[in-house]
Amino acid sequence: MFDYLIVGAGFAGSVLAERLATRSNKKVLIIDKRNHIAGNAYDHYNEEGILVHKYGPHIFHTNSKDVFEYLSNFTDWRPYEHRVLASVDGQLVPMPINLDTINKLYGLSLNSFEVEQFFESVAEQVPVIKTSEDVVVSKVGRELYEKFFKNYTRKQWGMDPSELDKSVTSRVPTRTNRDDRYFTDTYQAMPLHGYTRMFERMLDHPNISIMLNTDYHDVVDFIPFKEMIFTGPVDEYFDFKFGKLPYRSLEFKHETLNVEQQLAAPVVNYPNDNLYTRITEFKALTGQKHPKTALVYEYPKAEGDPYYPVPRLENADLYNKYKKLADETPNVHFVGRLATYKYYNMDQVVAQALTLYKKLTDKPIEKAATTPPITGSASIMEKILPRTPAKE
């Protein structure tokens, strides 16, 4: 008998498995449809020996000391501040828009005070900000909106920014200084040996069993457990009773080149050209030394693995119907992006999982009592229960 069956071996499920096993001595079975742990953060060495992120770039950043210290139990860190360039009007300029972006784009030499006046002069008056278009044009005006945001958002979401909630573009700041960092969080770093290694250490405990290539529908009636933690799509759990919650998906095309460096920045966005939205060069993120380099191109699409909940009012209303069912379901706890139909950064998912652990056990959030030694994949693979691949 397991105390907990945890569905999903990404951040939410793995953090809860680790806390329940190490701090509460609970017996945990964690299952996942995929053939690996770590969810979308999964990374691995490709055929050329370059560490790549299978599901696109994952950049860790947080303002939470608790979250950073918790994850530090399972990894050392490589300091890393993320920078992005955007290909606009035949030039590569900093993104988010800052002082250098404006000066380079328009051939100007404004200072911080003058660029603030520039933004004020081009900004449109929007009495009530409701949509993603409203957010941008009220800050930087119509021309910059069309150069940087309009077409990028159309590619990413399959709809015009005027149809999307303001939260989509509110995440991207506009700066009047030369700060070209994509994030400004207190803690910005990458797991020194990769995300998968971090997850391996997190799940390396005798109270934790793992089953991969496993759909919970196939085992839920046969494996004895007391409570379930569900991190998959909430509408799927309830057999799409009220209809399917809309998501945007991504297709990733990986490429290895026989050069040491290809891009002028770790990530280059393409708002207006090409079918892909951005290209990432992984060595810039990981700091790995290698004579070749690996890139990934991201192509948004409507169908496929669910990545981004579509932020529209009618979708929020539909989710709230499922949330009501979830709240009324005894001994099942819903946590994570898919289970709560909200786009969270990695640190936010960790924080949500730690909060749920505290609620389940009424214990304070603490650091692990001991840090397990760094182990390779062999040690944890020995703990993964045999399972035939799930049907496609």
# chains A, B, ... in the order shown; residues from 1 in each chain; ligands from 1

$ select_by_dssp --residues "region 132-309 of chain A" --states "strand (DSSP E)" --output "PyMOL selection string"
chain A and resi 187-191+208-211+225-230+247-257+267-269+278-281+293-301+308-309

$ residues_around --residues "Thr340 (chain A)" --least-positions-apart "4" --cutoff "9 Å" --atoms "only C-alpha atoms" --output "list in words"
Thr231, Pro233, Val234, Tyr319, Lys323, Phe334, Val335 and Gly336 of chain A

$ write_last_selection --atoms "C-alpha atoms" --output "CSV table (one decimal), in the first residue's frame"
chain,number,residue,atom,x,y,z
A,231,THR,CA,-0.3,17.0,-11.9
A,233,PRO,CA,-4.5,18.1,-17.2
A,234,VAL,CA,-7.4,18.6,-14.9
A,319,TYR,CA,-11.5,25.8,-15.9
A,323,LYS,CA,-11.8,23.5,-10.3
A,334,PHE,CA,-4.4,18.9,-7.9
A,335,VAL,CA,-1.1,20.9,-8.3
A,336,GLY,CA,1.1,22.3,-11.1

$ atom_distance --atom1 "CA of Thr361 (chain A)" --atom2 "CA of Tyr195 (chain A)"
27.1 Å

$ residues_around --residues "region 289-293 of chain A" --least-positions-apart "2" --cutoff "6 Å" --atoms "only C-alpha atoms" --output "PyMOL selection string"
chain A and resi 256-260

$ closest_residue --among "A:Ala294, A:Leu250, A:Leu108, A:Ala12" --to "Gly39 (chain A)" --atoms "only C-alpha atoms"
A:Ala12

$ closest_residue --among "A:Tyr344, A:Leu245, A:Thr286, A:Ala353" --to "Tyr322 (chain A)" --atoms "only C-alpha atoms"
A:Leu245

$ atom_distance --atom1 "CA of Asp305 (chain A)" --atom2 "CA of Thr277 (chain A)"
17.5 Å

$ select_by_dssp --residues "region 43-269 of chain A" --states "alpha helix (DSSP H)" --output "ChimeraX atom specification"
/A:65-71,99-106,112-122,132-144,151-157,167-170,195-202,216-219,234-237

$ write_last_selection --atoms "C-alpha atoms" --output "PDB file, in the first residue's frame"
ATOM      1  CA  LYS A  65      15.088  32.340  -1.131  1.00  0.00           C
ATOM      2  CA  ASP A  66      13.117  29.333   0.158  1.00  0.00           C
ATOM      3  CA  VAL A  67      12.727  27.862  -3.330  1.00  0.00           C
ATOM      4  CA  PHE A  68      16.357  28.452  -4.273  1.00  0.00           C
ATOM      5  CA  GLU A  69      17.667  26.956  -1.030  1.00  0.00           C
ATOM      6  CA  TYR A  70      15.350  23.982  -1.337  1.00  0.00           C
ATOM      7  CA  LEU A  71      16.559  23.124  -4.853  1.00  0.00           C
ATOM      8  CA  LEU A  99      17.458  52.158 -24.188  1.00  0.00           C
ATOM      9  CA  ASP A 100      19.882  50.380 -26.529  1.00  0.00           C
ATOM     10  CA  THR A 101      16.988  48.806 -28.444  1.00  0.00           C
ATOM     11  CA  ILE A 102      15.545  52.221 -29.319  1.00  0.00           C
ATOM     12  CA  ASN A 103      18.887  53.844 -30.100  1.00  0.00           C
ATOM     13  CA  LYS A 104      20.005  51.007 -32.384  1.00  0.00           C
ATOM     14  CA  LEU A 105      16.653  50.581 -34.088  1.00  0.00           C
ATOM     15  CA  TYR A 106      16.226  54.273 -34.929  1.00  0.00           C
ATOM     16  CA  SER A 112      17.438  57.315 -20.074  1.00  0.00           C
ATOM     17  CA  PHE A 113      15.458  60.489 -19.463  1.00  0.00           C
ATOM     18  CA  GLU A 114      15.020  61.131 -23.179  1.00  0.00           C
ATOM     19  CA  VAL A 115      13.928  57.568 -23.970  1.00  0.00           C
ATOM     20  CA  GLU A 116      11.317  57.823 -21.244  1.00  0.00           C
ATOM     21  CA  GLN A 117       9.987  60.924 -22.971  1.00  0.00           C
ATOM     22  CA  PHE A 118      10.120  59.034 -26.274  1.00  0.00           C
ATOM     23  CA  PHE A 119       7.914  56.252 -24.885  1.00  0.00           C
ATOM     24  CA  GLU A 120       5.488  58.801 -23.480  1.00  0.00           C
ATOM     25  CA  SER A 121       5.270  60.542 -26.864  1.00  0.00           C
ATOM     26  CA  VAL A 122       4.395  57.352 -28.779  1.00  0.00           C
ATOM     27  CA  SER A 132      -2.343  42.032 -24.575  1.00  0.00           C
ATOM     28  CA  GLU A 133      -2.501  44.674 -27.302  1.00  0.00           C
ATOM     29  CA  ASP A 134      -3.690  47.261 -24.778  1.00  0.00           C
ATOM     30  CA  VAL A 135      -0.716  46.551 -22.516  1.00  0.00           C
ATOM     31  CA  VAL A 136       1.891  47.155 -25.200  1.00  0.00           C
ATOM     32  CA  VAL A 137       0.441  50.111 -27.095  1.00  0.00           C
ATOM     33  CA  SER A 138      -0.193  51.930 -23.805  1.00  0.00           C
ATOM     34  CA  LYS A 139       3.518  51.601 -22.974  1.00  0.00           C
ATOM     35  CA  VAL A 140       5.431  51.883 -26.253  1.00  0.00           C
ATOM     36  CA  GLY A 141       2.927  52.782 -28.949  1.00  0.00           C
ATOM     37  CA  ARG A 142       1.653  51.164 -32.113  1.00  0.00           C
ATOM     38  CA  GLU A 143       4.852  50.995 -34.177  1.00  0.00           C
ATOM     39  CA  LEU A 144       6.944  49.128 -31.605  1.00  0.00           C
ATOM     40  CA  ASN A 151       3.258  38.924 -35.176  1.00  0.00           C
ATOM     41  CA  TYR A 152       5.248  37.076 -32.496  1.00  0.00           C
ATOM     42  CA  THR A 153       2.065  36.739 -30.447  1.00  0.00           C
ATOM     43  CA  ARG A 154       0.102  35.616 -33.480  1.00  0.00           C
ATOM     44  CA  LYS A 155       2.625  32.864 -34.139  1.00  0.00           C
ATOM     45  CA  GLN A 156       2.847  31.846 -30.491  1.00  0.00           C
ATOM     46  CA  TRP A 157      -0.856  31.792 -29.715  1.00  0.00           C
ATOM     47  CA  SER A 167      -1.354  38.777 -18.721  1.00  0.00           C
ATOM     48  CA  VAL A 168       0.409  37.481 -21.846  1.00  0.00           C
ATOM     49  CA  THR A 169       2.390  40.625 -22.644  1.00  0.00           C
ATOM     50  CA  SER A 170       2.387  42.033 -19.108  1.00  0.00           C
ATOM     51  CA  TYR A 195      17.979  19.471 -14.638  1.00  0.00           C
ATOM     52  CA  THR A 196      17.721  15.712 -15.024  1.00  0.00           C
ATOM     53  CA  ARG A 197      20.606  15.147 -12.614  1.00  0.00           C
ATOM     54  CA  MET A 198      18.863  17.432 -10.121  1.00  0.00           C
ATOM     55  CA  PHE A 199      15.667  15.389 -10.400  1.00  0.00           C
ATOM     56  CA  GLU A 200      17.607  12.145 -10.025  1.00  0.00           C
ATOM     57  CA  ARG A 201      18.953  13.309  -6.699  1.00  0.00           C
ATOM     58  CA  MET A 202      15.533  14.584  -5.649  1.00  0.00           C
ATOM     59  CA  TYR A 216      -2.473   6.492 -14.627  1.00  0.00           C
ATOM     60  CA  HIS A 217      -5.692   5.239 -16.211  1.00  0.00           C
ATOM     61  CA  ASP A 218      -3.948   1.898 -16.714  1.00  0.00           C
ATOM     62  CA  VAL A 219      -2.903   1.440 -13.090  1.00  0.00           C
ATOM     63  CA  VAL A 234      -7.428  18.626 -14.883  1.00  0.00           C
ATOM     64  CA  ASP A 235      -9.960  18.234 -17.706  1.00  0.00           C
ATOM     65  CA  GLU A 236      -8.467  14.854 -18.592  1.00  0.00           C
ATOM     66  CA  TYR A 237      -8.855  13.651 -15.002  1.00  0.00           C
TER      67      TYR A 237
END

$ closest_atom_pairs --of "region 202-299 of chain A" --to "region 357-360 of chain A" --cutoff "12 Å" --atoms "only C-alpha atoms" --output "CSV"
residue,atom,partner,partner_atom,distance
A:Glu227,CA,A:Leu360,CA,10.5
A:Met228,CA,A:Leu360,CA,11.6
A:Ile229,CA,A:Tyr357,CA,10.5

$ closest_residue --among "A:Ala41, A:Val15, A:Leu92, A:Val52" --to "Glu281 (chain A)" --atoms "only C-alpha atoms"
A:Val52

$ atom_distance --atom1 "CA of Leu263 (chain A)" --atom2 "CA of Gly158 (chain A)"
26.7 Å

$ closest_residue --among "A:Ala123, A:Leu5, A:Val310, A:Met346" --to "Leu20 (chain A)" --atoms "only C-alpha atoms"
A:Leu5
